[in-house]
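*Asks:* See query.cif below, with mmCIF, C-alpha atoms.
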```cif
data_target
loop_
_atom_site.group_PDB
_atom_site.id
_atom_site.type_symbol
_atom_site.label_atom_id
_atom_site.label_comp_id
_atom_site.auth_asym_id
_atom_site.auth_seq_id
_atom_site.Cartn_x
_atom_site.Cartn_y
_atom_site.Cartn_z
ATOM 1 C CA MET A 1 -42.528 -132.775 -14.408
ATOM 2 C CA PRO A 2 -42.805 -129.829 -11.935
ATOM 3 C CA VAL A 3 -40.285 -129.791 -9.085
ATOM 4 C CA SER A 4 -41.751 -129.201 -5.641
ATOM 5 C CA LEU A 5 -40.066 -126.805 -3.220
ATOM 6 C CA PRO A 6 -37.645 -128.815 -1.033
ATOM 7 C CA PRO A 7 -38.519 -128.429 2.691
ATOM 8 C CA ALA A 8 -35.017 -127.165 3.593
ATOM 9 C CA LEU A 9 -35.182 -124.534 0.849
ATOM 10 C CA ALA A 10 -38.598 -123.436 2.125
ATOM 11 C CA LEU A 11 -36.966 -122.956 5.541
ATOM 12 C CA SER A 12 -34.413 -120.563 4.027
ATOM 13 C CA LEU A 13 -36.545 -118.496 1.649
ATOM 14 C CA ASP A 14 -36.660 -115.498 3.994
ATOM 15 C CA LEU A 15 -32.837 -115.250 3.784
ATOM 16 C CA LEU A 16 -32.723 -114.978 0.015
ATOM 17 C CA ARG A 17 -32.855 -111.871 -2.140
ATOM 18 C CA CYS A 18 -33.141 -111.753 -5.910
ATOM 19 C CA PRO A 19 -29.582 -111.865 -7.280
ATOM 20 C CA THR A 20 -30.596 -109.737 -10.276
ATOM 21 C CA CYS A 21 -32.333 -106.762 -8.640
ATOM 22 C CA ARG A 22 -30.874 -107.472 -5.159
ATOM 23 C CA THR A 23 -33.871 -106.022 -3.329
ATOM 24 C CA HIS A 24 -36.883 -108.285 -3.702
ATOM 25 C CA ARG A 25 -37.529 -111.498 -1.808
ATOM 26 C CA LEU A 26 -37.953 -114.732 -3.710
ATOM 27 C CA TYR A 27 -41.117 -116.798 -3.648
ATOM 28 C CA PRO A 28 -41.840 -120.265 -5.058
ATOM 29 C CA ASP A 29 -43.792 -120.555 -8.302
ATOM 30 C CA ARG A 30 -44.049 -124.097 -9.631
ATOM 31 C CA SER A 31 -40.481 -125.238 -10.450
ATOM 32 C CA ALA A 32 -38.894 -121.838 -9.916
ATOM 33 C CA LEU A 33 -38.189 -119.049 -7.479
ATOM 34 C CA ARG A 34 -39.398 -115.622 -8.604
ATOM 35 C CA CYS A 35 -39.230 -112.055 -7.383
ATOM 36 C CA LEU A 36 -41.808 -109.270 -7.713
ATOM 37 C CA ALA A 37 -39.802 -107.728 -10.560
ATOM 38 C CA GLY A 38 -40.330 -110.907 -12.595
ATOM 39 C CA HIS A 39 -36.863 -112.457 -12.379
ATOM 40 C CA ALA A 40 -37.009 -116.253 -12.205
ATOM 41 C CA PHE A 41 -34.548 -118.958 -11.089
ATOM 42 C CA ASP A 42 -34.924 -122.691 -11.509
ATOM 43 C CA ILE A 43 -35.199 -125.175 -8.682
ATOM 44 C CA ALA A 44 -33.156 -128.138 -9.909
ATOM 45 C CA ARG A 45 -34.689 -131.580 -9.685
ATOM 46 C CA HIS A 46 -31.781 -132.468 -7.392
ATOM 47 C CA GLY A 47 -33.136 -129.971 -4.831
ATOM 48 C CA TYR A 48 -30.887 -126.907 -5.036
ATOM 49 C CA ALA A 49 -31.775 -123.399 -6.257
ATOM 50 C CA GLY A 50 -30.001 -122.269 -9.410
ATOM 51 C CA LEU A 51 -29.473 -118.608 -8.534
ATOM 52 C CA LEU A 52 -26.266 -118.065 -10.488
ATOM 53 C CA THR A 53 -26.570 -116.428 -13.907
ATOM 54 C CA GLY A 54 -23.947 -115.343 -16.411
ATOM 55 C CA THR A 55 -20.322 -116.477 -16.487
ATOM 56 C CA ARG A 56 -18.929 -118.257 -13.443
ATOM 57 C CA ALA A 57 -15.671 -116.912 -11.963
ATOM 58 C CA THR A 58 -14.754 -120.498 -11.102
ATOM 59 C CA SER A 59 -16.138 -123.780 -12.356
ATOM 60 C CA GLY A 60 -15.959 -125.524 -8.991
ATOM 61 C CA ASP A 61 -15.829 -129.299 -8.651
ATOM 62 C CA ASP A 62 -16.599 -131.295 -11.765
ATOM 63 C CA ALA A 63 -18.459 -134.618 -11.515
ATOM 64 C CA ALA A 64 -15.333 -136.706 -10.836
ATOM 65 C CA MET A 65 -14.092 -134.279 -8.141
ATOM 66 C CA ALA A 66 -17.480 -134.186 -6.396
ATOM 67 C CA GLN A 67 -17.709 -137.989 -6.403
ATOM 68 C CA ALA A 68 -14.155 -138.311 -5.054
ATOM 69 C CA ARG A 69 -15.003 -135.785 -2.309
ATOM 70 C CA ASP A 70 -18.148 -137.683 -1.336
ATOM 71 C CA ARG A 71 -16.286 -140.985 -1.141
ATOM 72 C CA PHE A 72 -13.331 -139.595 0.803
ATOM 73 C CA LEU A 73 -15.343 -137.625 3.354
ATOM 74 C CA SER A 74 -17.575 -140.661 3.965
ATOM 75 C CA THR A 75 -14.505 -142.534 5.311
ATOM 76 C CA GLY A 76 -14.349 -140.202 8.324
ATOM 77 C CA THR A 77 -10.713 -139.275 7.664
ATOM 78 C CA TYR A 78 -11.547 -135.583 7.997
ATOM 79 C CA ALA A 79 -13.954 -136.053 10.906
ATOM 80 C CA PRO A 80 -11.627 -134.215 13.365
ATOM 81 C CA ILE A 81 -11.769 -131.160 11.083
ATOM 82 C CA GLY A 82 -15.552 -131.386 11.001
ATOM 83 C CA LYS A 83 -15.690 -131.605 14.793
ATOM 84 C CA ALA A 84 -13.471 -128.531 15.176
ATOM 85 C CA VAL A 85 -15.700 -126.557 12.786
ATOM 86 C CA ALA A 86 -18.823 -127.646 14.662
ATOM 87 C CA ARG A 87 -17.275 -126.734 18.035
ATOM 88 C CA LEU A 88 -16.254 -123.260 16.934
ATOM 89 C CA ALA A 89 -19.613 -122.629 15.288
ATOM 90 C CA ALA A 90 -21.769 -123.990 18.120
ATOM 91 C CA ASP A 91 -19.766 -122.092 20.746
ATOM 92 C CA ALA A 92 -21.408 -118.770 19.942
ATOM 93 C CA ALA A 93 -24.544 -119.748 18.012
ATOM 94 C CA PRO A 94 -28.044 -119.242 19.437
ATOM 95 C CA GLU A 95 -30.485 -122.140 19.612
ATOM 96 C CA GLN A 96 -32.343 -121.114 16.442
ATOM 97 C CA ALA A 97 -29.191 -120.270 14.480
ATOM 98 C CA THR A 98 -28.878 -119.604 10.767
ATOM 99 C CA VAL A 99 -25.681 -121.086 9.323
ATOM 100 C CA VAL A 100 -24.397 -120.116 5.877
ATOM 101 C CA ASP A 101 -21.629 -122.254 4.353
ATOM 102 C CA VAL A 102 -19.809 -120.402 1.568
ATOM 103 C CA GLY A 103 -18.116 -122.767 -0.867
ATOM 104 C CA CYS A 104 -19.992 -125.618 0.802
ATOM 105 C CA GLY A 105 -18.955 -128.366 -1.624
ATOM 106 C CA THR A 106 -20.947 -131.485 -0.862
ATOM 107 C CA GLY A 107 -22.308 -130.058 2.421
ATOM 108 C CA TYR A 108 -20.215 -132.235 4.741
ATOM 109 C CA TYR A 109 -19.149 -129.505 7.185
ATOM 110 C CA LEU A 110 -22.515 -127.740 7.184
ATOM 111 C CA ALA A 111 -24.246 -131.015 8.057
ATOM 112 C CA GLY A 112 -21.822 -131.539 10.944
ATOM 113 C CA VAL A 113 -22.599 -128.096 12.366
ATOM 114 C CA LEU A 114 -26.357 -128.643 12.065
ATOM 115 C CA ASP A 115 -26.021 -131.954 13.897
ATOM 116 C CA GLN A 116 -24.606 -129.973 16.833
ATOM 117 C CA LEU A 117 -27.372 -127.356 16.648
ATOM 118 C CA PRO A 118 -30.740 -129.156 16.617
ATOM 119 C CA GLY A 119 -32.709 -125.913 16.231
ATOM 120 C CA ALA A 120 -30.574 -124.432 13.466
ATOM 121 C CA ARG A 121 -31.090 -124.187 9.720
ATOM 122 C CA GLY A 122 -28.389 -124.043 7.064
ATOM 123 C CA LEU A 123 -27.784 -122.757 3.560
ATOM 124 C CA GLY A 124 -24.851 -123.844 1.425
ATOM 125 C CA LEU A 125 -23.559 -121.782 -1.507
ATOM 126 C CA ASP A 126 -21.301 -123.235 -4.184
ATOM 127 C CA THR A 127 -20.572 -122.741 -7.861
ATOM 128 C CA SER A 128 -20.389 -126.489 -8.617
ATOM 129 C CA VAL A 129 -23.740 -127.939 -9.599
ATOM 130 C CA ARG A 130 -22.259 -131.419 -9.209
ATOM 131 C CA ALA A 131 -21.319 -130.772 -5.577
ATOM 132 C CA LEU A 132 -24.683 -129.092 -4.913
ATOM 133 C CA ARG A 133 -26.509 -132.302 -5.787
ATOM 134 C CA SER A 134 -24.932 -133.814 -2.677
ATOM 135 C CA ALA A 135 -25.210 -130.625 -0.588
ATOM 136 C CA ALA A 136 -28.967 -130.458 -1.206
ATOM 137 C CA ARG A 137 -29.407 -133.816 0.517
ATOM 138 C CA ALA A 138 -26.588 -133.571 3.083
ATOM 139 C CA HIS A 139 -28.981 -132.658 5.920
ATOM 140 C CA ASP A 140 -32.731 -132.259 6.263
ATOM 141 C CA ARG A 141 -32.272 -128.681 7.544
ATOM 142 C CA ALA A 142 -29.705 -127.632 4.925
ATOM 143 C CA ALA A 143 -30.705 -125.904 1.698
ATOM 144 C CA ALA A 144 -28.322 -125.399 -1.199
ATOM 145 C CA ALA A 145 -27.977 -122.792 -3.928
ATOM 146 C CA ALA A 146 -25.662 -122.247 -6.881
ATOM 147 C CA TRP A 147 -23.663 -119.087 -6.308
ATOM 148 C CA ASP A 148 -20.217 -117.597 -6.876
ATOM 149 C CA VAL A 149 -18.345 -116.544 -3.715
ATOM 150 C CA PHE A 150 -16.705 -113.637 -5.558
ATOM 151 C CA ARG A 151 -20.025 -111.899 -6.211
ATOM 152 C CA PRO A 152 -22.319 -110.156 -3.698
ATOM 153 C CA PHE A 153 -24.291 -112.951 -2.032
ATOM 154 C CA PRO A 154 -28.022 -113.352 -2.841
ATOM 155 C CA LEU A 155 -28.810 -112.861 0.853
ATOM 156 C CA ALA A 156 -30.312 -110.124 2.986
ATOM 157 C CA SER A 157 -27.941 -108.258 5.311
ATOM 158 C CA GLY A 158 -27.467 -109.399 8.911
ATOM 159 C CA VAL A 159 -29.264 -112.739 8.590
ATOM 160 C CA ALA A 160 -26.520 -115.242 9.507
ATOM 161 C CA ASP A 161 -25.419 -116.252 12.990
ATOM 162 C CA VAL A 162 -22.549 -118.314 11.579
ATOM 163 C CA VAL A 163 -20.695 -118.166 8.271
ATOM 164 C CA LEU A 164 -18.465 -121.125 7.402
ATOM 165 C CA ASP A 165 -15.544 -120.942 4.985
ATOM 166 C CA VAL A 166 -13.813 -124.325 4.881
ATOM 167 C CA PHE A 167 -11.059 -124.728 2.259
ATOM 168 C CA ALA A 168 -12.929 -122.160 0.164
ATOM 169 C CA PRO A 169 -12.286 -118.744 -1.396
ATOM 170 C CA ARG A 170 -13.124 -115.769 0.806
ATOM 171 C CA ASN A 171 -15.201 -112.633 0.362
ATOM 172 C CA PRO A 172 -14.687 -110.673 3.622
ATOM 173 C CA THR A 173 -16.962 -107.778 2.649
ATOM 174 C CA GLU A 174 -19.891 -110.099 2.056
ATOM 175 C CA PHE A 175 -19.125 -112.249 5.100
ATOM 176 C CA HIS A 176 -19.351 -109.097 7.206
ATOM 177 C CA ARG A 177 -22.533 -107.867 5.518
ATOM 178 C CA VAL A 178 -24.565 -111.050 5.960
ATOM 179 C CA LEU A 179 -23.416 -111.771 9.532
ATOM 180 C CA ARG A 180 -25.333 -110.414 12.502
ATOM 181 C CA PRO A 181 -23.281 -108.092 14.770
ATOM 182 C CA ALA A 182 -22.930 -110.920 17.308
ATOM 183 C CA GLY A 183 -22.305 -113.517 14.611
ATOM 184 C CA ARG A 184 -19.263 -115.686 14.027
ATOM 185 C CA LEU A 185 -17.120 -116.477 11.005
ATOM 186 C CA VAL A 186 -15.282 -119.824 10.990
ATOM 187 C CA VAL A 187 -12.400 -120.157 8.518
ATOM 188 C CA VAL A 188 -10.457 -123.374 7.895
ATOM 189 C CA ARG A 189 -7.276 -123.428 5.819
ATOM 190 C CA PRO A 190 -4.315 -125.816 5.414
ATOM 191 C CA THR A 191 -0.932 -125.354 7.048
ATOM 192 C CA GLY A 192 2.310 -126.017 5.171
ATOM 193 C CA GLN A 193 2.345 -129.588 6.521
ATOM 194 C CA HIS A 194 -1.085 -130.502 5.186
ATOM 195 C CA LEU A 195 -0.873 -133.546 2.872
ATOM 196 C CA ALA A 196 2.912 -133.159 2.848
ATOM 197 C CA GLU A 197 3.473 -136.819 1.949
ATOM 198 C CA LEU A 198 1.317 -136.472 -1.165
ATOM 199 C CA ARG A 199 2.981 -133.242 -2.248
ATOM 200 C CA ASP A 200 6.464 -134.690 -1.673
ATOM 201 C CA ARG A 201 5.738 -137.545 -4.052
ATOM 202 C CA MET A 202 3.517 -135.793 -6.574
ATOM 203 C CA HIS A 203 5.193 -132.557 -7.558
ATOM 204 C CA ALA A 204 2.273 -131.535 -9.774
ATOM 205 C CA MET A 205 0.090 -131.091 -6.700
ATOM 206 C CA VAL A 206 -0.819 -127.552 -5.705
ATOM 207 C CA THR A 207 1.382 -126.356 -2.835
ATOM 208 C CA VAL A 208 0.421 -124.205 0.140
ATOM 209 C CA ASP A 209 1.656 -120.640 -0.285
ATOM 210 C CA PRO A 210 3.955 -119.773 2.694
ATOM 211 C CA ALA A 211 2.437 -116.263 2.749
ATOM 212 C CA LYS A 212 -1.127 -117.613 2.941
ATOM 213 C CA GLU A 213 -1.562 -116.863 6.657
ATOM 214 C CA GLN A 214 -0.347 -113.281 6.374
ATOM 215 C CA ARG A 215 -2.583 -112.711 3.370
ATOM 216 C CA LEU A 216 -5.589 -114.167 5.198
ATOM 217 C CA HIS A 217 -5.120 -111.885 8.210
ATOM 218 C CA ARG A 218 -4.526 -108.868 5.994
ATOM 219 C CA THR A 219 -7.795 -109.379 4.085
ATOM 220 C CA LEU A 220 -9.930 -110.218 7.133
ATOM 221 C CA ASP A 221 -8.484 -107.714 9.616
ATOM 222 C CA PRO A 222 -10.508 -104.666 8.475
ATOM 223 C CA PHE A 223 -13.740 -106.592 9.053
ATOM 224 C CA PHE A 224 -13.068 -109.222 11.720
ATOM 225 C CA GLU A 225 -11.205 -109.903 14.941
ATOM 226 C CA ALA A 226 -9.867 -113.404 15.644
ATOM 227 C CA VAL A 227 -11.371 -114.948 18.773
ATOM 228 C CA LEU A 228 -9.963 -118.466 18.873
ATOM 229 C CA THR A 229 -7.750 -120.668 16.689
ATOM 230 C CA GLU A 230 -7.560 -124.467 16.872
ATOM 231 C CA GLN A 231 -4.872 -126.463 15.123
ATOM 232 C CA VAL A 232 -6.017 -129.866 13.914
ATOM 233 C CA HIS A 233 -2.977 -132.028 13.219
ATOM 234 C CA TYR A 234 -2.772 -135.809 12.899
ATOM 235 C CA THR A 235 -1.454 -138.592 10.679
ATOM 236 C CA VAL A 236 -3.729 -141.275 9.262
ATOM 237 C CA PRO A 237 -3.259 -144.424 7.179
ATOM 238 C CA LEU A 238 -4.629 -144.351 3.635
ATOM 239 C CA THR A 239 -5.782 -147.104 1.318
ATOM 240 C CA GLN A 240 -4.888 -146.664 -2.337
ATOM 241 C CA GLN A 241 -8.493 -145.671 -3.138
ATOM 242 C CA GLU A 242 -8.533 -143.105 -0.344
ATOM 243 C CA ALA A 243 -5.277 -141.603 -1.612
ATOM 244 C CA LEU A 244 -6.683 -141.441 -5.142
ATOM 245 C CA ASP A 245 -9.854 -139.752 -3.885
ATOM 246 C CA LEU A 246 -7.888 -137.318 -1.736
ATOM 247 C CA VAL A 247 -5.929 -136.164 -4.778
ATOM 248 C CA GLY A 248 -9.016 -136.322 -6.981
ATOM 249 C CA MET A 249 -11.154 -134.043 -4.797
ATOM 250 C CA THR A 250 -8.644 -131.186 -4.694
ATOM 251 C CA PRO A 251 -7.697 -128.585 -7.335
ATOM 252 C CA SER A 252 -4.570 -130.712 -7.840
ATOM 253 C CA ALA A 253 -6.739 -133.163 -9.778
ATOM 254 C CA ARG A 254 -6.509 -130.728 -12.689
ATOM 255 C CA HIS A 255 -2.700 -130.821 -12.637
ATOM 256 C CA VAL A 256 -1.888 -134.490 -11.903
ATOM 257 C CA SER A 257 -1.825 -136.811 -14.904
ATOM 258 C CA ARG A 258 -3.677 -140.110 -15.081
ATOM 259 C CA ALA A 259 -0.310 -141.838 -15.474
ATOM 260 C CA ASP A 260 0.821 -140.384 -12.142
ATOM 261 C CA LEU A 261 -2.351 -141.560 -10.434
ATOM 262 C CA ALA A 262 -1.927 -145.037 -11.886
ATOM 263 C CA ASP A 263 1.577 -145.298 -10.417
ATOM 264 C CA ASP A 264 1.128 -147.015 -7.036
ATOM 265 C CA GLY A 265 4.608 -145.935 -5.970
ATOM 266 C CA LEU A 266 3.581 -142.284 -5.936
ATOM 267 C CA LEU A 267 0.712 -142.789 -3.506
ATOM 268 C CA PRO A 268 1.696 -142.793 0.188
ATOM 269 C CA ASP A 269 0.054 -145.181 2.648
ATOM 270 C CA ARG A 270 -0.098 -142.477 5.336
ATOM 271 C CA VAL A 271 -0.756 -138.761 5.200
ATOM 272 C CA THR A 272 -0.550 -135.800 7.567
ATOM 273 C CA VAL A 273 -3.696 -133.744 8.015
ATOM 274 C CA SER A 274 -2.841 -130.272 9.304
ATOM 275 C CA VAL A 275 -5.211 -127.302 9.287
ATOM 276 C CA LEU A 276 -5.986 -124.168 11.260
ATOM 277 C CA ALA A 277 -9.583 -123.395 12.197
ATOM 278 C CA THR A 278 -10.224 -119.858 13.429
ATOM 279 C CA ALA A 279 -13.385 -118.252 14.796
ATOM 280 C CA TYR A 280 -13.747 -114.518 14.105
ATOM 281 C CA ARG A 281 -16.206 -111.916 15.332
ATOM 282 C CA PRO A 282 -17.252 -108.894 13.236
ATOM 283 C CA ARG A 283 -15.631 -105.553 14.040
#
```
For the structure just supplied, provide its representation as structure tokens.
*Replies:*
Amino acid sequence: MPVSLPPALALSLDLLRCPTCRTHRLYPDRSALRCLAGHAFDIARHGYAGLLTGTRATSGDDAAMAQARDRFLSTGTYAPIGKAVARLAADAAPEQATVVDVGCGTGYYLAGVLDQLPGARGLGLDTSVRALRSAARAHDRAAAAAWDVFRPFPLASGVADVVLDVFAPRNPTEFHRVLRPAGRLVVVRPTGQHLAELRDRMHAMVTVDPAKEQRLHRTLDPFFEAVLTEQVHYTVPLTQQEALDLVGMTPSARHVSRADLADDGLLPDRVTVSVLATAYRPR
């Protein structure tokens, strides 16, 4: 059965460029997007564009991780992070802004930004097809496409007013290329205290590298200047299911055994949320 072009994807077609020849625009043709050179990319029945070809650098969230992420974020536990992202993005965005979320996951943070910008449109990029199923329906003005953050983005240059990078890998060269000169990059990353209670009890969990901040500034500094940093820091109670989902939605899910997760004594009933959210402007 042919898949019709999702309205949000139609809104974003002018941003896209063929990821194979990197010059031609994409146009809809039945259940696909095509370019004038004849390259074609499927539109999944779940509503996202499958632009990624070849071997993925990362596999992204699998089905269980994406489901855990959806459940956990729906509890509102990370709502203060979402509000900080939306504030920093909306601060400098024009009324008719274009927002690109790189490593968008299920689209939670992109949807929050679009809620604050009624005239804006959004595009989420992620390598996980499981997460993209949620991202494609996260907001009626948010499109979604399968893409790998480590490759040149399938986007024209200078089209984005805001680029979001929330708990995601970074590609500073491409961030700079797709942002308008007056655009804004918003980067969110954990501090050393983030989820400390979980990491203290579950030693298989991925830790936060103490040199992460220095490395971040070193990679971004040639392209961007920091404008404003907000620290979001609070402690919240967790149910057992929320704790399981919090572990299950992170890369730590690949390192923690089922036996560990089944051990109630390892799961804390409270956790510290601690992140830094920084807005950058292009140099």
*Asks:* Might you spell out which residues the PyMOL selection byres ((chain A and resi 231) around 10) would select in the displayed file, as an NGL selection string?
*Replies:* :A and (81 or 84 or 188 or 190-191 or 229-230 or 232-234 or 274-278)
*Asks:* Report as lines of an AutoDock Vina configuration file the centre and the edge lengths, in Å to one decimal, of the axis-aligned box holding every listed atom of segment 214-223 of chain A, padded by 3 Å on each side.
*Replies:*
```
center_x = -7.0
center_y = -109.4
center_z = 6.5
size_x = 19.4
size_y = 15.5
size_z = 12.2
```
*Asks:* I'd like to see the residues matched by the PyMOL selection byres ((chain A and resi 150) around 8) on this file, and ideally I'd get them as a ChimeraX atom specification.
*Replies:* /A:57,148-149,151-152,169-171
*Asks:* Determine the residue set returned by the PyMOL selection byres ((chain A and resi 10-20) around 8) for the present structure, and present it as a list in words.
*Replies:*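 Applied to this file, the PyMOL selection byres ((chain A and resi 10-20) around 8) selects Leu5, Pro6, Pro7, Ala8, Leu9, Cys21, Arg22, Thr23, His24, Arg25, Leu26, Tyr27, Arg34, Cys35, His39, Leu51, Leu52, Arg121, Gly122, Leu123, Arg141, Ala143, Phe153, Pro154, Leu155, Ala156 and Val159 of chain A.
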*Asks:* When you draw a straight line from atom CA of Arg189 of chain A to atom CA of Gly54 of chain A, how long is it in Å?
*Replies:* 28.9 Å
*Asks:* Which residue gives the smallest distance to Thr235 of chain A among A:Pro251, A:Pro80, A:Gly105, A:Pro282, with all atoms listed in the file counted?
*Replies:*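 Looking at the shortest contact to Thr235 of chain A, the residue is A:Pro80.
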*Asks:* Around (-23.2, -113.9, 9.2) in the file's own coordinates, what residues are found within 7 Å if you use only C-alpha atoms, given back as an NGL selection string?
*Replies:* :A and (158-163 or 175-176 or 178-180 or 183-185)
*Asks:* Nearest residue to Val187 of chain A out of A:Asp200, A:Asp209, A:Asp126, A:Asp101, using only C-alpha atoms?
*Replies:* A:Asp101
*Asks:* Near Ala168 of chain A, within 8 Å and counting all atoms listed in the file, which residues show up once chain neighbours fewer than 3 positions away are dropped, as a ChimeraX atom specification?
*Replies:* /A:102-104,165
*Asks:* Between A:Ala226, A:Ala142, A:Ala97, A:Leu266, which residue has the minimum interatomic distance to Arg199 of chain A, considering all atoms listed in the file?
*Replies:*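 That would be A:Leu266, the residue with the smallest distance to Arg199 of chain A.
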*Asks:* Looking at A:Ala182, A:Val85, A:Val236, A:Ala40, which one is nearest to Phe167 of chain A, with distances taken over only C-alpha atoms?
*Replies:*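 Selected residue with least distance to Phe167 of chain A: A:Val85.
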*Asks:* As an exercise, work out the distance from atom CA of Gly248 of chain A to atom CA of Ala68 of chain A in Å and give it to one decimal place.
*Replies:*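 Atom CA of Ala68 of chain A lies at a distance of 5.8 Å from atom CA of Gly248 of chain A.
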*Asks:* So how many Å separate atom CA of Gly47 of chain A and atom CA of Gly124 of chain A, to one decimal?
*Replies:*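 Spanning atom CA of Gly47 of chain A to atom CA of Gly124 of chain A is a straight-line distance of 12.1 Å.
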*Asks:* Between A:Tyr108, A:Ala136, A:Arg30, A:Ala64, which has the minimum distance to His46 of chain A (counting only C-alpha atoms)?
*Replies:* A:Ala136
